[in-house]
Every structure is written in structure tokens, then in C-alpha cells.
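Only one structure is covered here, and it is reproduced in the block below.
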Amino acid sequence: MRQIALALALILTLAAPSLAAPVLKFDDPLSPGGNVSYSGTLGTPIVGTDIQFQTITGIGTPLNSGVTLSCVGCLLDFQTGGVTSEGPTTWNATGGGSLTITGAIPGLGLGAGTTLAIGSFANVPNPTVNGADTSAEFSGFGFDQKNETLADFYGLGPDFIFLSTEIALTTARIGGDGSFSATPNNSDFNNAALVPAPAGHVLMWLGLAALAVPAWLRRRSARTDG
């Protein structure tokens with residue numbers, strides 16, 4: 001069994017380097033703008049509207065890594081699933097909902113109003129706002145699809161996973177019913193690309209191991225019996 005464990009460890013070690021995922025980072029070096037709010041009624045969503053981004057950068061991407069594209073009029077709009085607990089410092093929501101980023105990328109010939117990303121939030125970890133009267137932060141994770149022209153520029157497929165959205169909020173106005181309304185003062189939207197090949201590699205190697213291990217056991221048993 002020690003040999004089997006070593007073989008599986010070696011297989012996973014060989015596959016591991018390909019599991020590092022490249023990242024696309026939407027950022028707001030100028031001004032995030034927009035609004036994040038919650039109505040104060042349990043079961044309704046946390047809503048983000050017109051949250052601005054001005055740049056997109058590829059990090060560790062197969063093509064154009066480190067290149068920053070100008071994103072003109074790029075706006076993030078989202079809504080989570082329903083809020084399950086509210087204030088006074090933490091609001092939790094379920095996953096689902098929706099998320100879109102629209103805008104223009106002149107360097108890629110994408111005009112105003114182009115859909116650059118569309119997705120939804122995951123349940124674990126669930127979308128959350130943490131904060132107080134003067135500052136707060138929205139965070140959420142999930143899945144999305146990128147515009148193919150944008151993904152191709154960085155040498156990626158359109159599918160992304162482990163979306164992380166962190167939006168720092170200021171001047172939060174919290175109502176007695178648990179509602180709030182806040183203006184972003186810093187926004188980050190980071191995606192790791194979903195690369196199907198590594199998962200395929202792991203399955204392939206494990207499949208080969210599944211075939212090889214019984215044969216090794218039969219040979220070992222034959223030598224012992226002999």
C-alpha cells in the first residue's frame with residue numbers, strides 16, 4: 001500500500017503545476033461610484049448598481065500577462081439571493097442572484113454597453129456585508145462567463161470560477177429596520193479562469209492509476225504465491 005500511496009502522490013504532484021489559475025482583475029483606480037443597498041425586508045437581496053471600473057489586467061494569463069486594458073463606462077450591477085440575517089454589523093444573503101459587467105474596451109474594439117461578464121453568487125461562502133455606520137464592505141464569490149473577445153485576448157476560455165468581489169463602502173446609512181444604503185469607495189472584482197485541462201489531467205492520471213494498481217497487486221500476489 002505504501003507504493004500505491006507514493007504513486008498517487010506522484011501523480012497529483014505532476015498534475016498540480018497546471019492547477020494554478022490565471023486571474024483577470026477589474027479595478028477602479030479613479031473612482032468606483034455607484035451604490036450598494038438593502039431594503040430591510042428579510043428575503044430580499046443586497047443590490048449593487050452602477051459600480052464603476054476603469055481597468056482590466058491579466059495576471060499570470062497565457063497571453064498578455066501584465067497588460068492593462070482601459071475599460072470605458074464599465075459598470076458592475078448585481079443582486080444576491082435573499083438576505084437571511086441583518087445587521088447591525090453583518091448582513092448575510094444566500095447565493096444565486098445575478099451579476100453583470102457592461103462597458104466598452106476600445107483596445108479590443110468592444111463598444112459601449114458590451115456585456116463583459118455575467119454570472120451569479122455561490123452559497124458558500126455566502127454574500128456578506130460587514131460594517132458599521134460609517135464604513136462597511138461587501139464580499140461575494142461565485143461563477144461567471146466573460147466576453148469571448150476579452151477572454152481570447154488573455155488566452156483564456158470564457159468560463160471563470162471562484163469569483164471574488166470586494167467592495168469597500170462608506171457613508172453607510174442604516175435604518176431601524178436593518179436596511180442600509182452605501183457608496184463604494186474602493187471596488188475589486190477578481191476572477192480565476194476555469195481551466196478544464198488540469199481537471200482532465202488529474203482524472204486521466206487517476207484512471208491510469210486505477211488500471212495500473214490492480215495489475216501491480218496481481219504481480220505481487222503471484223510472486224508471493226510462488
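For the C-alpha cells, the naming scheme is as follows: chains receive sequential letters (A, B, ...) according to their order of presentation, residues are indexed from 1 within each chain, and ligands are indexed from 1 in presentation order.
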Taking only residues of range 18-61 of chain A that have an atom at most 12 Å from an atom of range 128-144 of chain A, what is each one's shortest atom pair and its distance in Å to one decimal, using only C-alpha atoms, in chain and number order, as a tab-separated table?
residue	atom	partner	partner_atom	distance
A:Leu24	CA	A:Asp144	CA	11.8
A:Asn35	CA	A:Phe138	CA	11.2
A:Val36	CA	A:Phe138	CA	8.3
A:Ser37	CA	A:Val129	CA	10.0
A:Tyr38	CA	A:Val129	CA	10.0
A:Pro45	CA	A:Thr128	CA	10.9
A:Ile46	CA	A:Val129	CA	8.7
A:Val47	CA	A:Phe138	CA	10.3
A:Gly48	CA	A:Phe138	CA	9.5
Practice item. Tell me, as a list in words, which residues lie within 7 Å of range 74-81 of chain A, counting only C-alpha atoms; anything in the same chain fewer than 3 positions away does not count. Key: Pro45, Ile46, Val47, Gly48, Thr49, Asp50, Ile51, Gln52, Phe53, Gln54, Cys71, Ala93, Thr94, Gly95, Gly96, Gly97, Ser98, Leu99, Thr100, Ile101, Thr102, Gly103, Ala104, Phe121 and Pro127 of chain A
Check your understanding: Among range 26-151 of chain A, which residues carry a DSSP assignment of strand (DSSP E), reported as an MDAnalysis selection string?
Key -> chainID A and resid 26:27 35:38 45:59 68:85 90:93 96:105 110:121 128:131 135:146
**Study point:** Selection: 12 Å around Thr149 in chain A, only C-alpha atoms, excl. self and same-chain fewer than 5 positions, as a list in words
**Key:**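 The residues that qualify are Ala104, Ile105, Pro106, Gly107, Leu108, Gly109, Leu110, Gly111, Thr114, Thr115, Leu116, Ala117, Tyr154, Gly155, Leu156, Gly157 and Pro158 of chain A.
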With C-alpha atoms retained, export the selected residues as a PDB file, in the first residue's frame.
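Once everything was written out, this is out23.pdb:
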ATOM      1  CA  ALA A 104     -16.518  49.400 -23.659  1.00  0.00           C
ATOM      2  CA  ILE A 105     -12.967  48.167 -24.216  1.00  0.00           C
ATOM      3  CA  PRO A 106     -11.686  50.366 -27.079  1.00  0.00           C
ATOM      4  CA  GLY A 107      -8.433  48.421 -27.360  1.00  0.00           C
ATOM      5  CA  LEU A 108     -10.399  45.296 -28.310  1.00  0.00           C
ATOM      6  CA  GLY A 109     -13.000  47.036 -30.463  1.00  0.00           C
ATOM      7  CA  LEU A 110     -15.772  46.406 -27.921  1.00  0.00           C
ATOM      8  CA  GLY A 111     -18.246  49.298 -27.870  1.00  0.00           C
ATOM      9  CA  THR A 114     -20.991  45.359 -24.330  1.00  0.00           C
ATOM     10  CA  THR A 115     -21.631  42.587 -21.791  1.00  0.00           C
ATOM     11  CA  LEU A 116     -18.175  41.773 -20.414  1.00  0.00           C
ATOM     12  CA  ALA A 117     -19.201  39.335 -17.656  1.00  0.00           C
ATOM     13  CA  TYR A 154      -5.593  36.932 -22.490  1.00  0.00           C
ATOM     14  CA  GLY A 155      -5.512  33.413 -23.983  1.00  0.00           C
ATOM     15  CA  LEU A 156      -8.363  32.125 -21.823  1.00  0.00           C
ATOM     16  CA  GLY A 157     -11.675  30.361 -22.288  1.00  0.00           C
ATOM     17  CA  PRO A 158     -14.827  32.290 -21.300  1.00  0.00           C
TER      18      PRO A 158
END
Exercise for review: Taking the chain letters and numbering used in this document, name the residues of range 84-170 of chain A that DSSP puts in helix (DSSP H, G or I), as a VMD selection string.
Suggested key: chain A and resid 106 to 108 148 to 153
